[in-house]
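Here is the structure we will look at, set down as structure tokens.
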Amino acid sequence: MAHRNFVAKFTFLLAALALLVGGLVAAPAKAAAKVTLNIWTFGNVIEPNMKTRYEKMHPNVKIVAVNKGGPDQLAQALIVAFQAHKTPDIAAIETSWSGLFRDYPQYFVDLRKAPYNANNIKKDYVAWRWAQGTGKGGEVIGLPTDVGGLEVAYRVDLFKKAGLPTQRDAVGRLWPTWDKFIEVGKNYNKKLKRCVDKKKDKSCFIDSSGTLFTAILNQGTEKFYKGVGKVDYQNRQVRAAFNETGKALVAGLGSRIAPYSGDWYAGMNKGSFATLLAPAWQLDYIKQYAPKTKGLWDVAKVPGGGGNIGGSQLSIPKAAPNKTEAWKFMSWYLAPAQQLTVFKEYGLFPSAKSLYASSAVQNYKDPFFRNAPIGKIYASGALKLKPLYEGPKERAIMAIFGQALGRIEAKKQNTSQAWNQAVADIKTALDR
Amino acid sequence: MTPDSAPSPKGRRGARVSGSPSSGKPAKSWNGNKARETAWGYLFTSPFFIIFFIFGVIPIIYSVYISLTSLENPLDANEVFVGLKNFRNLWHDPEFWKATRNTFSIWFFSTVPQMVLALGLASILRNPRLRFRLVWQTILLVPNITSGLAIAVVFGQLFGRDYGLINYCLQFLGIGNIDWLENTLASHVAIATMITWRWVGYNSLIFLASMNAIDNALYESASLDGANRWQQLRHVTIPGLRNTIVFMVIMGTIGGLQVFAEPLTFGGGQTTGGSSGQFNTVTLYLYRYAKDLFNYGYASAIGIGITFIVLIITALNFLITRRIASED
């Protein structure tokens with residue numbers, strides 16, 4: 001009996017081993033034919049149609065685009081992946097994280113080197129976007145995807161009610177500076193009265209005056225760092241941006257609705273704010289979440305001429321298993337021709353400046369926004385910006401300033417109190 | 001423990017136990033070699049202990065080490081030994097103590113009403129006249145299996161200052177808008193509501209199970225003595241649930257000290273816990289120092305600080321439990 005049991009068990013074990021070995025032998029044979037590119041992405045950085053198109057053109061390449069949920073989750077996962085030496089082939093890094101990864105170029109492939117020779121295509125892209133993918137020693141660690149840009153989306157019907165001009169060029173001339181923007185806002189609130197009357201459906205000039213802070217900061221050349229490793233968050237630029245935003249907050253310009261909150265989406269539909277500082281990709285949000293407001297919005301130039309919020313870089317980590325194939329896909333995806341397709345199909349504004357003068361961009365009109373020439377407006381804005389150095393602790397410092405502005409908005413402190421506490425908080429947080 | 005552990009008077013004929021009849025030897029039995037039993041016991045439980053050691057104990061020891069160091073750069077591993085500097089900073093850190101007060105406040109608002117509600121729901125479920133009992137029990141568990149993020153998004157909308165449903169109802173009642181985000185107490189109530197909504201069903205089912213274990217004879221004698229339903233609740237049900245309540249308070253405390261996902265999403269994904277840290281919790285504070293400021297040393301020190309708070313609470317719980325138990 002025992003002997004029969006033993007034979008049965010042995011045969012079973014042998015069969016299982018055979019299957020295992022067979023599988024192991026067969027698998028590498030299959031892998032030699034196909035390359036699998038592992039891409040970490042968030043949002044719509046890697047458009048699915050483009051991915052399918054590339055796979056059709058290159059049948060030996062399979063692209064697996066893993067959506068990490070958001071730019072922060074992706075960056076945190078990437079930091080862990082660096083330590084584990086197990087990284088994807090391509091990683092999308094949002095610009096607010098560029099400041100950190102810029103200090104660690106050793107974890108990325110320097111795309112200046114052969115066979116990538118990224119400097120050959122440098123002239124195709126807007127300089128300040130290219131700079132965001134440059135490491136502290138000048139290494140090219142990422143290529144720019146889209147340009148967020150920044151212009152003002154405004155409600156034509158509400159402007160009319162307040163007696164303001166409604167044609168977009170005239171509106172743009174109302175506010176060449178941020179001070180004038182605040183003046184227009186104050187007059188709007190006074191005229192319409194709904195901002196002060198708590199009983200009525202609230203409608204103020206802008207969603208949150210706090211959005212001015214990032215907009216003004218990004219228009220300059222210096223943010224929170226004087227250069228590599230030199231933190232300087234009390235410089236004139238930051239102080240000016242903070243004070244200007246404080247002015248807008250104290251004037252009660254905004255409806256005190258945080259962007260991307262529940263109230264914000266509802267407010268878009270109900271006309272709770274007459275203006276929005278909108279990057280190109282945010283126009284899509286309006287279309288998606290407030291479709292009934294079609295034809296009520298238009299786009300005008302932002303005070304200061306141009307601005308930018310958001311954007312991302314595609315980079316190849318040093319430990320990537322398929323560097324050459326990754327570069328082939330990346331350089332194809334970010335080439336001006338493909339960026340034009342993405343712009344036409346998805347509305348993401350290209351970083352390839354060679355496209356800006358093209359008729360496709362210049363003549364692009366969006367019927368949702370009363371046929372505003374979105375391409376022309378955002379292109380001229382994008383060309384006005386200069387390279388801006390962002391350092392590693394940028395996000396943490398920004399969060400503390402955000403808290404300070406929130407306190408001014410909630411009337412817990414005045415501008416100088418909020419500034420002093422912010423500076424003290426940053427000092428404690430960084431010096432610990 | 002087993003019924004046949006007593007030595008059999010039939011001796012070694014081994015008719016009851018399995019074995020190979022041909023060899024004539026008594027086969028292995030459960031009441032055989034004691035040492036071998038113990039060895040098997042260790043072998044079967046060792047996987048848990050090995051995994052717990054690798055993934056539980058060693059990281060704890062390592063984080064104690066890290067709390068005594070300071071890391072210059074997030075991606076470099078060059079830590080510098082700084083002794084108790086992190087702990088000294090922690091002791092004098094007003095934000096940490098604020099986070100601790102917030103954590104306790106949120107715990108209070110989420111535990112006390114939850115106990116009362118769970119008790120009430122369990123009493124309703126226990127009513128023999130209730131129909132479709134299984135349906136109600138299942139519905140009660142749905143919040144528990146819902147994604148925490150989804151709950152936070154929906155409740156964030158409900159608690160919206162201008163267009164949230166709750167403020168809309170409050171306006172009807174004439175109370176007016178409450179700023180659920182900026183007001184300290186309101187933010188605690190809002191977060192506690194999310195936690196309560198998630199756990200009250202689960203806890204009520206635990207109460208229900210314990211209630212069903214209370215001897216019916218006690219209820220019968222109580223009603224014979226003329227007690228109405230309310231008095232029965234006070235004098236029969238709640239004393240009978242004493243141990244369950246203690247268990248739930250302990251579990252609620254452990255969970256309450258770790259509240260993290262709700263304040264994070266309530267603040268729109270910011271790790272600052274509100275414009276003046278009004279709903280910052282200790283775990284969120286730890287997360288911020290680890291993930292946003294890359295200060296692993298200080299974050300580990302916060303973690304050890306949380307551990308001490310947990311130990312103190314556990315000791316208090318233990319003392320109270322002993323007093324309750326000794327009353328029996």
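Following the order of the structure tokens, first chain is A, next is B, and so on, with residues numbered from 1 inside each chain and ligands from 1 in the order they appear.
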
(message) If DSSP is run on the backbone, what residues of region 144-370 of chain A are helix (DSSP H, G or I)? A reply as a ChimeraX atom specification would be ideal.
(response) /A:156-161,168-174,178-192,211-217,236-250,262-270,280-289,291-293,323-333,336-346,353-355,359-362,367-369

Okay, now the selection with C-alpha atoms, as a short mmCIF file (atom, residue, chain, number, x, y, z; two decimals), in the first residue's frame?
data_model
loop_
_atom_site.label_atom_id
_atom_site.label_comp_id
_atom_site.auth_asym_id
_atom_site.auth_seq_id
_atom_site.Cartn_x
_atom_site.Cartn_y
_atom_site.Cartn_z
CA VAL A 156 -19.44 86.58 -20.75
CA ASP A 157 -22.99 86.71 -19.38
CA LEU A 158 -21.85 87.75 -15.90
CA PHE A 159 -19.47 90.38 -17.27
CA LYS A 160 -22.34 91.82 -19.27
CA LYS A 161 -24.51 92.03 -16.15
CA ARG A 168 -11.99 89.04 -25.33
CA ASP A 169 -9.42 91.53 -26.58
CA ALA A 170 -11.17 94.36 -24.73
CA VAL A 171 -11.32 92.20 -21.63
CA GLY A 172 -7.61 91.45 -21.90
CA ARG A 173 -6.92 95.19 -22.03
CA LEU A 174 -8.83 95.67 -18.75
CA TRP A 178 -2.49 92.24 -11.36
CA ASP A 179 -3.38 95.45 -9.55
CA LYS A 180 -5.79 96.31 -12.35
CA PHE A 181 -7.17 92.77 -12.19
CA ILE A 182 -7.99 93.27 -8.52
CA GLU A 183 -9.61 96.64 -9.32
CA VAL A 184 -11.84 95.09 -11.96
CA GLY A 185 -12.75 92.39 -9.47
CA LYS A 186 -13.69 94.87 -6.75
CA ASN A 187 -15.88 96.81 -9.17
CA TYR A 188 -17.52 93.58 -10.31
CA ASN A 189 -18.37 92.51 -6.77
CA LYS A 190 -19.69 95.98 -5.93
CA LYS A 191 -21.84 96.11 -9.05
CA LEU A 192 -23.39 92.68 -8.68
CA THR A 211 -4.85 80.93 -7.24
CA LEU A 212 -3.15 84.25 -7.93
CA PHE A 213 -0.14 83.17 -5.85
CA THR A 214 1.05 80.34 -8.11
CA ALA A 215 0.19 82.35 -11.20
CA ILE A 216 2.28 85.35 -10.16
CA LEU A 217 5.15 83.21 -8.84
CA ARG A 236 11.35 89.95 -3.38
CA GLN A 237 9.51 87.87 -5.95
CA VAL A 238 7.86 85.64 -3.38
CA ARG A 239 7.05 88.55 -1.11
CA ALA A 240 5.50 90.51 -3.98
CA ALA A 241 3.42 87.53 -5.11
CA PHE A 242 2.29 86.92 -1.52
CA ASN A 243 1.35 90.53 -0.91
CA GLU A 244 -0.51 90.85 -4.19
CA THR A 245 -2.48 87.70 -3.41
CA GLY A 246 -3.09 89.03 0.08
CA LYS A 247 -4.56 92.18 -1.45
CA ALA A 248 -6.96 90.12 -3.53
CA LEU A 249 -7.90 87.95 -0.54
CA VAL A 250 -8.53 90.92 1.74
CA GLY A 262 -17.18 69.63 -4.70
CA ASP A 263 -18.25 73.27 -4.41
CA TRP A 264 -15.97 74.16 -7.34
CA TYR A 265 -17.61 71.82 -9.82
CA ALA A 266 -21.03 72.92 -8.62
CA GLY A 267 -19.95 76.55 -8.76
CA MET A 268 -18.82 76.21 -12.37
CA ASN A 269 -22.37 75.34 -13.30
CA LYS A 270 -24.04 77.90 -11.09
CA ALA A 280 -5.09 74.82 -21.16
CA TRP A 281 -5.90 71.46 -19.65
CA GLN A 282 -8.37 73.02 -17.23
CA LEU A 283 -10.53 74.23 -20.11
CA ASP A 284 -11.26 70.56 -20.62
CA TYR A 285 -12.53 70.37 -17.03
CA ILE A 286 -15.04 73.12 -17.75
CA LYS A 287 -16.23 71.27 -20.83
CA GLN A 288 -16.55 68.03 -18.92
CA TYR A 289 -18.11 69.22 -15.67
CA PRO A 291 -21.37 71.17 -20.31
CA LYS A 292 -24.51 73.27 -19.98
CA THR A 293 -22.42 76.43 -19.78
CA LYS A 323 16.40 51.91 -22.55
CA THR A 324 16.73 52.01 -26.34
CA GLU A 325 13.14 50.98 -26.98
CA ALA A 326 12.00 53.44 -24.33
CA TRP A 327 13.85 56.27 -26.04
CA LYS A 328 12.39 55.30 -29.41
CA PHE A 329 8.85 55.55 -28.03
CA MET A 330 9.51 58.67 -26.02
CA SER A 331 11.14 60.63 -28.81
CA TRP A 332 8.31 59.59 -31.13
CA TYR A 333 5.56 60.47 -28.65
CA PRO A 336 6.21 67.88 -32.79
CA ALA A 337 4.07 65.82 -35.20
CA GLN A 338 2.63 63.66 -32.40
CA GLN A 339 2.23 66.63 -30.04
CA LEU A 340 0.12 68.25 -32.76
CA THR A 341 -2.10 65.15 -32.94
CA VAL A 342 -2.48 65.13 -29.15
CA PHE A 343 -3.38 68.82 -29.23
CA LYS A 344 -6.02 68.30 -31.90
CA GLU A 345 -7.52 65.22 -30.28
CA TYR A 346 -7.14 65.97 -26.58
CA LYS A 353 7.49 75.57 -30.01
CA SER A 354 7.98 74.86 -33.69
CA LEU A 355 4.24 74.19 -33.73
CA SER A 359 -1.73 77.23 -38.88
CA ALA A 360 -3.07 74.24 -36.96
CA VAL A 361 -2.31 75.93 -33.66
CA GLN A 362 -2.86 79.55 -34.69
CA PRO A 367 -16.72 76.40 -30.16
CA PHE A 368 -17.36 75.76 -26.45
CA PHE A 369 -15.58 79.01 -25.67
#

(request) Find the residues around Ser315 (chain A) up to 6 Å (only C-alpha atoms counted), leave out those fewer than 3 positions away in its own chain, and share them as a list in words. (result) Ile90, Ala91, Ile141 and Gly142 of chain A

For N, CA and C atoms, I'd like the residues from the last selection saved as a PDB file, in the first residue's frame.
ATOM      1  N   ILE A  90       9.845  54.018 -18.563  1.00  0.00           N
ATOM      2  CA  ILE A  90       9.611  55.462 -18.680  1.00  0.00           C
ATOM      3  C   ILE A  90       8.763  55.891 -17.485  1.00  0.00           C
ATOM      4  N   ALA A  91       9.074  57.050 -16.922  1.00  0.00           N
ATOM      5  CA  ALA A  91       8.263  57.573 -15.817  1.00  0.00           C
ATOM      6  C   ALA A  91       7.880  59.009 -16.132  1.00  0.00           C
ATOM      7  N   ILE A 141      17.510  64.997 -18.094  1.00  0.00           N
ATOM      8  CA  ILE A 141      16.912  63.803 -17.494  1.00  0.00           C
ATOM      9  C   ILE A 141      15.451  63.626 -17.859  1.00  0.00           C
ATOM     10  N   GLY A 142      14.865  64.605 -18.567  1.00  0.00           N
ATOM     11  CA  GLY A 142      13.467  64.437 -18.946  1.00  0.00           C
ATOM     12  C   GLY A 142      13.124  65.320 -20.126  1.00  0.00           C
TER      13      GLY A 142
END

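Any residue of chain B with an atom no more than 6 Å from chain A counts as a contact; using only C-alpha atoms, that gives B:Gln157, B:Gly160, B:Tyr163, B:Ser275, B:Asp292.
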
(request) Excluding region 107-120 of chain B and residues on its chain fewer than 4 positions from it, collect all residues at most 9 Å away from it, counting only C-alpha atoms, and give them as a VMD selection string. (result) chain B and resid 102 to 103 124 to 125 188 to 189 191 to 197 199 to 208 238 245 248 to 249 252 to 253 255 to 257 259

(request) May I have the residues within 10 Å of Lys318 (chain A) as a ChimeraX atom specification, using only C-alpha atoms and disregarding those fewer than 6 positions away in the same chain? (result) /A:82,85-89,105-110,141

(request) To one decimal in Å, tell me the separation between CA of Ile61 (chain B) and CA of Ile313 (chain B). (result) 21.9 Å

(request) Pull the strand (DSSP E) assignments for region 85-315 of chain A out of DSSP run on the backbone, and list those residues as JSON, numbers by chain. (result) {"A": [90, 91, 92, 93, 94, 143, 144, 151, 152, 153, 154, 155, 204, 205, 206, 225, 226, 227, 230, 231, 273, 274, 275, 276, 277, 278, 297, 298, 299, 300, 312, 313, 314, 315]}

Take the residues that were just selected and, keeping C-alpha atoms, output them as an mmCIF file, in the first residue's frame.
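Contents of the output file result_23.cif:
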data_model
loop_
_atom_site.group_PDB
_atom_site.id
_atom_site.type_symbol
_atom_site.label_atom_id
_atom_site.label_comp_id
_atom_site.auth_asym_id
_atom_site.auth_seq_id
_atom_site.Cartn_x
_atom_site.Cartn_y
_atom_site.Cartn_z
ATOM 1 C CA ILE A 90 9.611 55.462 -18.680
ATOM 2 C CA ALA A 91 8.263 57.573 -15.817
ATOM 3 C CA ALA A 92 6.147 60.715 -16.105
ATOM 4 C CA ILE A 93 7.242 63.305 -13.555
ATOM 5 C CA GLU A 94 5.116 66.335 -12.816
ATOM 6 C CA LEU A 143 11.711 65.673 -22.049
ATOM 7 C CA PRO A 144 8.712 68.013 -21.776
ATOM 8 C CA GLU A 151 -4.982 82.487 -19.299
ATOM 9 C CA VAL A 152 -8.236 83.813 -17.891
ATOM 10 C CA ALA A 153 -11.477 82.001 -18.634
ATOM 11 C CA TYR A 154 -14.343 84.418 -17.970
ATOM 12 C CA ARG A 155 -18.148 84.307 -18.021
ATOM 13 C CA CYS A 204 -17.866 86.565 -6.765
ATOM 14 C CA PHE A 205 -15.244 87.566 -9.254
ATOM 15 C CA ILE A 206 -12.944 84.544 -9.019
ATOM 16 C CA TYR A 225 15.706 78.740 -4.425
ATOM 17 C CA LYS A 226 18.558 81.006 -5.412
ATOM 18 C CA GLY A 227 20.336 78.163 -7.144
ATOM 19 C CA LYS A 230 20.339 77.533 -1.728
ATOM 20 C CA VAL A 231 16.893 77.919 -0.210
ATOM 21 C CA PHE A 273 -17.291 82.809 -10.078
ATOM 22 C CA ALA A 274 -16.942 84.993 -13.140
ATOM 23 C CA THR A 275 -13.300 84.212 -13.856
ATOM 24 C CA LEU A 276 -10.917 81.293 -13.574
ATOM 25 C CA LEU A 277 -7.167 81.337 -13.960
ATOM 26 C CA ALA A 278 -7.107 78.404 -16.368
ATOM 27 C CA TRP A 297 -17.319 81.232 -21.340
ATOM 28 C CA ASP A 298 -14.592 82.988 -23.285
ATOM 29 C CA VAL A 299 -10.820 83.211 -22.869
ATOM 30 C CA ALA A 300 -8.791 86.388 -22.420
ATOM 31 C CA SER A 312 5.187 66.950 -16.912
ATOM 32 C CA GLN A 313 8.392 65.393 -18.148
ATOM 33 C CA LEU A 314 8.966 61.906 -19.489
ATOM 34 C CA SER A 315 12.195 60.406 -18.228
#

(request) Please identify all polymer residues within 10 Å of Thr281 (chain B), counting only C-alpha atoms, omitting same-chain residues fewer than 2 positions from it, and present them as a count of residues only. (result) 31

(request) Considering only C-alpha atoms, return as number ranges by chain whatever protein or nucleic-acid residues lie within 9 Å of region 87-91 of chain B, sequence-local ones (same chain, fewer than 6 positions apart) excluded. (result) A: 432; B: 67-68, 97, 298, 301-302, 305

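You will find CA of Lys386 (chain A) at 5.4 Å from CA of Trp128 (chain A).
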
(request) Tell me, in Å to one decimal, how far CA of Ala382 (chain A) is from CA of Tyr356 (chain A). (result) 9.2 Å

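Counting only C-alpha atoms and comparing A:Ile374, A:Met50, A:Lys9, A:Leu388, the residue that lies closest to Gly133 (chain A) is A:Leu388.
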
(request) For Ser70 (chain B), please output as a ChimeraX atom specification all residues within 6 Å (counting only C-alpha atoms; exclusion window: fewer than 3 positions along the same chain). (result) /B:79-80,297

Write the residues of the selection above to a file with N, CA and C atoms, as a PDB file, in the first residue's frame.
ATOM      1  N   GLU B  79      22.836  58.829   6.789  1.00  0.00           N
ATOM      2  CA  GLU B  79      22.281  59.433   7.993  1.00  0.00           C
ATOM      3  C   GLU B  79      23.391  59.788   8.975  1.00  0.00           C
ATOM      4  N   VAL B  80      23.127  60.847   9.728  1.00  0.00           N
ATOM      5  CA  VAL B  80      24.074  61.343  10.734  1.00  0.00           C
ATOM      6  C   VAL B  80      23.464  61.108  12.101  1.00  0.00           C
ATOM      7  N   GLY B 297      14.057  60.918  10.089  1.00  0.00           N
ATOM      8  CA  GLY B 297      14.423  60.867  11.502  1.00  0.00           C
ATOM      9  C   GLY B 297      13.315  61.430  12.375  1.00  0.00           C
TER      10      GLY B 297
END

(request) Determine the nearest neighbour of Asn117 (chain A) from the options A:Leu164, A:Ala319, A:Glu139, A:Gly229, counting only C-alpha atoms. (result) A:Glu139
